[in-house]
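structure_5.pdb follows (PDB, C-alpha atoms):
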ATOM      1  CA  MET N1227     112.421 107.904  96.066  1.00  0.00           C
ATOM      2  CA  SER N1228     115.288 105.416  96.289  1.00  0.00           C
ATOM      3  CA  GLU N1229     117.688 108.203  97.320  1.00  0.00           C
ATOM      4  CA  ASN N1230     115.335 109.267 100.126  1.00  0.00           C
ATOM      5  CA  LEU N1231     115.019 105.674 101.344  1.00  0.00           C
ATOM      6  CA  ASP N1232     118.833 105.445 101.354  1.00  0.00           C
ATOM      7  CA  ILE N1233     119.017 108.583 103.527  1.00  0.00           C
ATOM      8  CA  LEU N1234     116.500 107.153 106.000  1.00  0.00           C
ATOM      9  CA  GLN N1235     118.360 103.839 106.100  1.00  0.00           C
ATOM     10  CA  LYS N1236     121.631 105.667 106.788  1.00  0.00           C
ATOM     11  CA  GLN N1237     119.982 107.675 109.587  1.00  0.00           C
ATOM     12  CA  GLU N1238     118.775 104.449 111.195  1.00  0.00           C
ATOM     13  CA  GLU N1239     122.206 102.826 110.880  1.00  0.00           C
ATOM     14  CA  LEU N1240     124.007 105.765 112.476  1.00  0.00           C
ATOM     15  CA  LEU N1241     121.513 106.866 115.124  1.00  0.00           C
ATOM     16  CA  GLN N1242     121.756 103.893 117.445  1.00  0.00           C
ATOM     17  CA  PHE N1243     122.452 103.909 121.164  1.00  0.00           C
ATOM     18  CA  PRO N1244     125.468 102.349 122.925  1.00  0.00           C
ATOM     19  CA  GLU N1245     122.944 101.309 125.609  1.00  0.00           C
ATOM     20  CA  PHE N1246     119.404 102.292 126.453  1.00  0.00           C
ATOM     21  CA  SER N1247     117.789 102.594 129.868  1.00  0.00           C
ATOM     22  CA  HIS N1248     115.102 104.609 131.614  1.00  0.00           C
ATOM     23  CA  LYS N1249     117.831 107.122 132.482  1.00  0.00           C
ATOM     24  CA  THR N1250     118.797 107.351 128.801  1.00  0.00           C
ATOM     25  CA  ALA N1251     115.158 108.044 127.892  1.00  0.00           C
ATOM     26  CA  TRP N1252     114.936 110.800 130.505  1.00  0.00           C
ATOM     27  CA  GLU N1253     118.166 112.449 129.321  1.00  0.00           C
ATOM     28  CA  LEU N1254     117.123 112.223 125.663  1.00  0.00           C
ATOM     29  CA  GLY N1255     113.675 113.602 126.502  1.00  0.00           C
ATOM     30  CA  GLU N1256     115.199 116.548 128.344  1.00  0.00           C
ATOM     31  CA  CYS N1257     117.512 117.125 125.372  1.00  0.00           C
ATOM     32  CA  MET N1258     114.503 117.147 123.013  1.00  0.00           C
ATOM     33  CA  VAL N1259     112.543 119.606 125.156  1.00  0.00           C
ATOM     34  CA  SER N1260     115.607 121.844 125.442  1.00  0.00           C
ATOM     35  CA  TYR N1261     116.192 121.668 121.666  1.00  0.00           C
ATOM     36  CA  ALA N1262     112.549 122.593 121.004  1.00  0.00           C
ATOM     37  CA  ARG N1263     112.707 125.551 123.390  1.00  0.00           C
ATOM     38  CA  LYS N1264     116.042 126.742 121.996  1.00  0.00           C
ATOM     39  CA  HIS N1265     114.636 126.681 118.440  1.00  0.00           C
ATOM     40  CA  ASN N1266     111.180 127.985 119.432  1.00  0.00           C
ATOM     41  CA  ILE N1267     109.465 124.799 118.227  1.00  0.00           C
ATOM     42  CA  THR N1268     106.121 123.721 119.685  1.00  0.00           C
ATOM     43  CA  VAL N1269     106.195 119.944 119.506  1.00  0.00           C
ATOM     44  CA  ALA N1270     104.994 117.044 121.633  1.00  0.00           C
ATOM     45  CA  VAL N1271     107.566 114.322 122.270  1.00  0.00           C
ATOM     46  CA  SER N1272     107.328 110.786 123.563  1.00  0.00           C
ATOM     47  CA  ILE N1273     109.823 107.995 124.189  1.00  0.00           C
ATOM     48  CA  ARG N1274     108.199 104.578 124.418  1.00  0.00           C
ATOM     49  CA  MET N1275     109.359 101.017 124.792  1.00  0.00           C
ATOM     50  CA  ASN N1276     107.873  98.175 122.768  1.00  0.00           C
ATOM     51  CA  ASP N1277     106.286  96.759 125.936  1.00  0.00           C
ATOM     52  CA  GLY N1278     104.088  99.868 125.974  1.00  0.00           C
ATOM     53  CA  CYS N1279     105.879 101.692 128.779  1.00  0.00           C
ATOM     54  CA  ILE N1280     106.090 105.446 128.174  1.00  0.00           C
ATOM     55  CA  LEU N1281     109.442 106.484 129.627  1.00  0.00           C
ATOM     56  CA  PHE N1282     109.174 110.161 128.723  1.00  0.00           C
ATOM     57  CA  GLN N1283     106.451 112.383 127.350  1.00  0.00           C
ATOM     58  CA  HIS N1284     106.100 116.131 127.102  1.00  0.00           C
ATOM     59  CA  CYS N1285     103.150 118.007 125.627  1.00  0.00           C
ATOM     60  CA  PRO N1286     103.840 121.747 125.863  1.00  0.00           C
ATOM     61  CA  ASP N1287     101.276 124.511 125.580  1.00  0.00           C
ATOM     62  CA  GLY N1288     100.073 124.504 121.991  1.00  0.00           C
ATOM     63  CA  THR N1289      99.769 120.716 121.811  1.00  0.00           C
ATOM     64  CA  ASN N1290      96.843 118.579 122.874  1.00  0.00           C
ATOM     65  CA  LEU N1291      95.203 115.157 122.908  1.00  0.00           C
ATOM     66  CA  LEU N1292      95.257 115.010 119.110  1.00  0.00           C
ATOM     67  CA  ASN N1293      99.082 115.067 119.228  1.00  0.00           C
ATOM     68  CA  GLN N1294      99.008 112.187 121.705  1.00  0.00           C
ATOM     69  CA  LYS N1295      96.764 110.225 119.313  1.00  0.00           C
ATOM     70  CA  TRP N1296      99.190 110.857 116.443  1.00  0.00           C
ATOM     71  CA  MET N1297     102.142 109.776 118.607  1.00  0.00           C
ATOM     72  CA  GLU N1298     100.331 106.541 119.458  1.00  0.00           C
ATOM     73  CA  ARG N1299      99.757 105.804 115.760  1.00  0.00           C
ATOM     74  CA  LYS N1300     103.383 106.634 114.879  1.00  0.00           C
ATOM     75  CA  PHE N1301     104.585 104.389 117.710  1.00  0.00           C
ATOM     76  CA  ASN N1302     102.439 101.514 116.440  1.00  0.00           C
ATOM     77  CA  THR N1303     103.924 101.948 112.960  1.00  0.00           C
ATOM     78  CA  VAL N1304     107.529 101.907 114.206  1.00  0.00           C
ATOM     79  CA  LYS N1305     106.879  98.928 116.468  1.00  0.00           C
ATOM     80  CA  LEU N1306     105.175  96.846 113.786  1.00  0.00           C
ATOM     81  CA  MET N1307     107.365  97.754 110.803  1.00  0.00           C
ATOM     82  CA  GLU N1308     110.636  98.030 112.789  1.00  0.00           C
ATOM     83  CA  ARG N1309     111.678 101.146 110.905  1.00  0.00           C
ATOM     84  CA  CYS N1310     110.976 104.853 111.059  1.00  0.00           C
ATOM     85  CA  SER N1311     107.413 105.804 110.237  1.00  0.00           C
ATOM     86  CA  LEU N1312     108.572 108.002 107.332  1.00  0.00           C
ATOM     87  CA  MET N1313     110.349 105.043 105.734  1.00  0.00           C
ATOM     88  CA  SER N1314     107.162 102.994 106.092  1.00  0.00           C
ATOM     89  CA  ALA N1315     105.225 105.789 104.377  1.00  0.00           C
ATOM     90  CA  LEU N1316     107.655 105.861 101.456  1.00  0.00           C
ATOM     91  CA  VAL N1317     107.780 102.068 101.102  1.00  0.00           C
ATOM     92  CA  PHE N1318     103.988 101.816 101.186  1.00  0.00           C
ATOM     93  CA  GLN N1319     103.752 104.585  98.574  1.00  0.00           C
ATOM     94  CA  GLN N1320     106.384 102.921  96.374  1.00  0.00           C
ATOM     95  CA  ASP N1321     104.614  99.546  96.582  1.00  0.00           C
ATOM     96  CA  GLY N1322     101.127 101.001  96.137  1.00  0.00           C
ATOM     97  CA  ASP N1323     100.131  99.592  99.529  1.00  0.00           C
ATOM     98  CA  THR N1324      97.773 100.887 102.187  1.00  0.00           C
ATOM     99  CA  PRO N1325      97.392  99.767 105.786  1.00  0.00           C
ATOM    100  CA  ALA N1326      94.264  97.868 104.681  1.00  0.00           C
ATOM    101  CA  THR N1327      96.419  95.840 102.253  1.00  0.00           C
ATOM    102  CA  HIS N1328      97.988  94.313 105.358  1.00  0.00           C
ATOM    103  CA  GLY N1329      94.825  94.097 107.428  1.00  0.00           C
ATOM    104  CA  LEU N1330      95.700  97.192 109.447  1.00  0.00           C
ATOM    105  CA  ALA N1331      93.319  99.962 110.493  1.00  0.00           C
ATOM    106  CA  ASP N1332      94.153 103.557 109.540  1.00  0.00           C
ATOM    107  CA  ALA N1333      92.998 104.561 113.021  1.00  0.00           C
ATOM    108  CA  ASP N1334      95.875 102.572 114.562  1.00  0.00           C
ATOM    109  CA  TYR N1335      98.814 103.363 112.244  1.00  0.00           C
ATOM    110  CA  ALA N1336     100.290 106.535 110.752  1.00  0.00           C
ATOM    111  CA  LEU N1337     102.156 106.455 107.459  1.00  0.00           C
ATOM    112  CA  CYS N1338     103.995 109.728 107.961  1.00  0.00           C
ATOM    113  CA  GLY N1339     107.138 111.058 109.578  1.00  0.00           C
ATOM    114  CA  GLY N1340     107.699 111.540 113.283  1.00  0.00           C
ATOM    115  CA  GLY N1341     108.397 108.073 114.686  1.00  0.00           C
ATOM    116  CA  PHE N1342     111.983 106.800 114.869  1.00  0.00           C
ATOM    117  CA  PRO N1343     113.162 103.395 116.127  1.00  0.00           C
ATOM    118  CA  ILE N1344     115.321 102.926 119.199  1.00  0.00           C
ATOM    119  CA  ARG N1345     118.073 100.382 118.557  1.00  0.00           C
ATOM    120  CA  VAL N1346     121.113  99.452 120.619  1.00  0.00           C
ATOM    121  CA  LYS N1347     124.329  99.050 118.603  1.00  0.00           C
ATOM    122  CA  GLY N1348     125.159  95.423 117.962  1.00  0.00           C
ATOM    123  CA  SER N1349     121.577  94.376 118.609  1.00  0.00           C
ATOM    124  CA  SER N1350     119.227  94.416 115.635  1.00  0.00           C
ATOM    125  CA  PRO N1351     115.744  94.462 117.174  1.00  0.00           C
ATOM    126  CA  VAL N1352     113.846  97.685 117.619  1.00  0.00           C
ATOM    127  CA  ILE N1353     113.211  98.107 121.344  1.00  0.00           C
ATOM    128  CA  GLY N1354     111.105 101.267 121.258  1.00  0.00           C
ATOM    129  CA  ALA N1355     110.499 104.568 119.510  1.00  0.00           C
ATOM    130  CA  VAL N1356     111.203 108.281 119.781  1.00  0.00           C
ATOM    131  CA  ILE N1357     108.191 110.228 118.547  1.00  0.00           C
ATOM    132  CA  ALA N1358     107.282 113.833 117.750  1.00  0.00           C
ATOM    133  CA  SER N1359     104.007 115.457 116.746  1.00  0.00           C
ATOM    134  CA  ASN N1360     102.729 118.938 115.912  1.00  0.00           C
ATOM    135  CA  LEU N1361     104.829 119.948 112.917  1.00  0.00           C
ATOM    136  CA  TYR N1362     104.541 119.045 109.244  1.00  0.00           C
ATOM    137  CA  HIS N1363     105.226 115.301 109.346  1.00  0.00           C
ATOM    138  CA  ILE N1364     108.646 115.475 107.667  1.00  0.00           C
ATOM    139  CA  ALA N1365     109.603 118.281 110.046  1.00  0.00           C
ATOM    140  CA  ASP N1366     108.527 115.989 112.915  1.00  0.00           C
ATOM    141  CA  HIS N1367     110.947 113.381 111.511  1.00  0.00           C
ATOM    142  CA  GLU N1368     113.806 115.842 111.161  1.00  0.00           C
ATOM    143  CA  PHE N1369     113.174 117.234 114.648  1.00  0.00           C
ATOM    144  CA  VAL N1370     113.639 113.734 116.076  1.00  0.00           C
ATOM    145  CA  VAL N1371     116.707 113.107 113.903  1.00  0.00           C
ATOM    146  CA  ASN N1372     118.295 116.444 114.861  1.00  0.00           C
ATOM    147  CA  CYS N1373     117.754 115.706 118.546  1.00  0.00           C
ATOM    148  CA  LEU N1374     119.245 112.217 118.162  1.00  0.00           C
ATOM    149  CA  LYS N1375     122.218 113.635 116.241  1.00  0.00           C
ATOM    150  CA  GLU N1376     122.849 116.061 119.097  1.00  0.00           C
ATOM    151  CA  TYR N1377     122.267 113.555 121.917  1.00  0.00           C
ATOM    152  CA  LEU N1378     124.326 110.772 120.298  1.00  0.00           C
ATOM    153  CA  ASN N1379     126.997 113.218 119.039  1.00  0.00           C
ATOM    154  CA  CYS N1380     126.514 111.972 115.484  1.00  0.00           C
ATOM    155  CA  PRO N1381     126.621 115.014 113.167  1.00  0.00           C
ATOM    156  CA  GLU N1382     127.417 112.799 110.170  1.00  0.00           C
ATOM    157  CA  ALA N1383     123.879 111.402 110.047  1.00  0.00           C
ATOM    158  CA  PRO N1384     122.386 112.844 106.839  1.00  0.00           C
ATOM    159  CA  ASP N1385     119.474 115.259 106.742  1.00  0.00           C
ATOM    160  CA  TYR N1386     116.299 114.330 104.922  1.00  0.00           C
ATOM    161  CA  PRO N1387     115.504 116.771 102.072  1.00  0.00           C
ATOM    162  CA  TYR N1388     112.105 118.391 102.180  1.00  0.00           C
ATOM    163  CA  THR N1389     110.134 121.477 101.498  1.00  0.00           C
ATOM    164  CA  LEU N1390     107.087 122.600 103.419  1.00  0.00           C
ATOM    165  CA  PRO N1391     103.737 122.113 101.670  1.00  0.00           C
ATOM    166  CA  GLU N1392     102.159 125.195 100.114  1.00  0.00           C
TER     167      GLU N1392
END
If you convert what's in this file into structure tokens, what do you get?
Amino acid sequence: MSENLDILQKQEELLQFPEFSHKTAWELGECMVSYARKHNITVAVSIRMNDGCILFQHCPDGTNLLNQKWMERKFNTVKLMERCSLMSALVFQQDGDTPATHGLADADYALCGGGFPIRVKGSSPVIGAVIASNLYHIADHEFVVNCLKEYLNCPEAPDYPYTLPE
């Protein structure tokens, strides 16, 4: 598990923005929709700021309100934990924690992949999240990471190893 946490930490270190604005969110969102179409992936995407403002959201045919609910829970996890939702899932698993351990409701937080923090280089706080929903949760994570790698021109960010559940 330590190796996987190291990969996630490296992704977060490398996939940071030189600056982030509403225009950045729009361009990234368009890049994500284009990437999904190019790879024939049906996935809902959302880019949200910590103040609650949704700067970009796209729910294509094949997604629905349930995906929006999952994106909300993933956003809450990234915002509260200030790390990707997959890293939170692994840390909670490693520590034997549950959301209830911390007084959190399962209905409000998602310990799974698909939420990734938005950080500006040179500034440590998480200012928002990039979120995906509709795939296996680790595939949601890697979809976001692949889109960020493309948008930020950062091919050196490592991939997270996974296999689909049987």
Answer as a VMD selection string, residues within 8 Å of (115.7, 99.7, 108.0) using all atoms listed in the file: chain N and resid 1234 to 1235 1238 to 1239 1308 to 1310 1313
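Proximity to Gln1319 of chain N was assessed for N:Leu1337, N:Leu1306, N:Pro1343, N:Leu1281 counting only C-alpha atoms; the smallest distance is recorded for N:Leu1337.
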Selection result for the PyMOL selection byres ((chain N and resi 1282) around 8) on this file, as a PyMOL selection string: chain N and resi 1251-1252+1255+1271-1274+1280-1281+1283-1284
Residues near Phe1318 of chain N, cut-off 12 Å, all atoms listed in the file, skip fewer than 4 positions along chain, as a ChimeraX atom specification: /N:1227,1231,1303,1307,1311-1314,1322-1328,1336-1338
Expected selection from the PyMOL selection byres ((chain N and resi 1365) around 12), given as a PyMOL selection string: chain N and resi 1267-1269+1312+1338-1341+1357-1364+1366-1372+1385-1391
Atom CA of Met1275 of chain N to atom CA of Lys1305 of chain N, straight-line distance in Å: 8.9 Å
One-decimal distance in Å that lies between atom CA of Glu1382 of chain N and atom CA of Ile1233 of chain N: 11.5 Å
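You can rank N:Asn1302, N:Asn1379, N:Val1356, N:Asn1290 by their closest distance to Met1258 of chain N using all atoms listed in the file, and at the top of that list sits N:Val1356.
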Residues in the PyMOL selection byres ((chain N and resi 1294) around 9), expressed as an MDAnalysis selection string: chainID N and resid 1270:1272 1285 1289:1293 1295:1299 1359
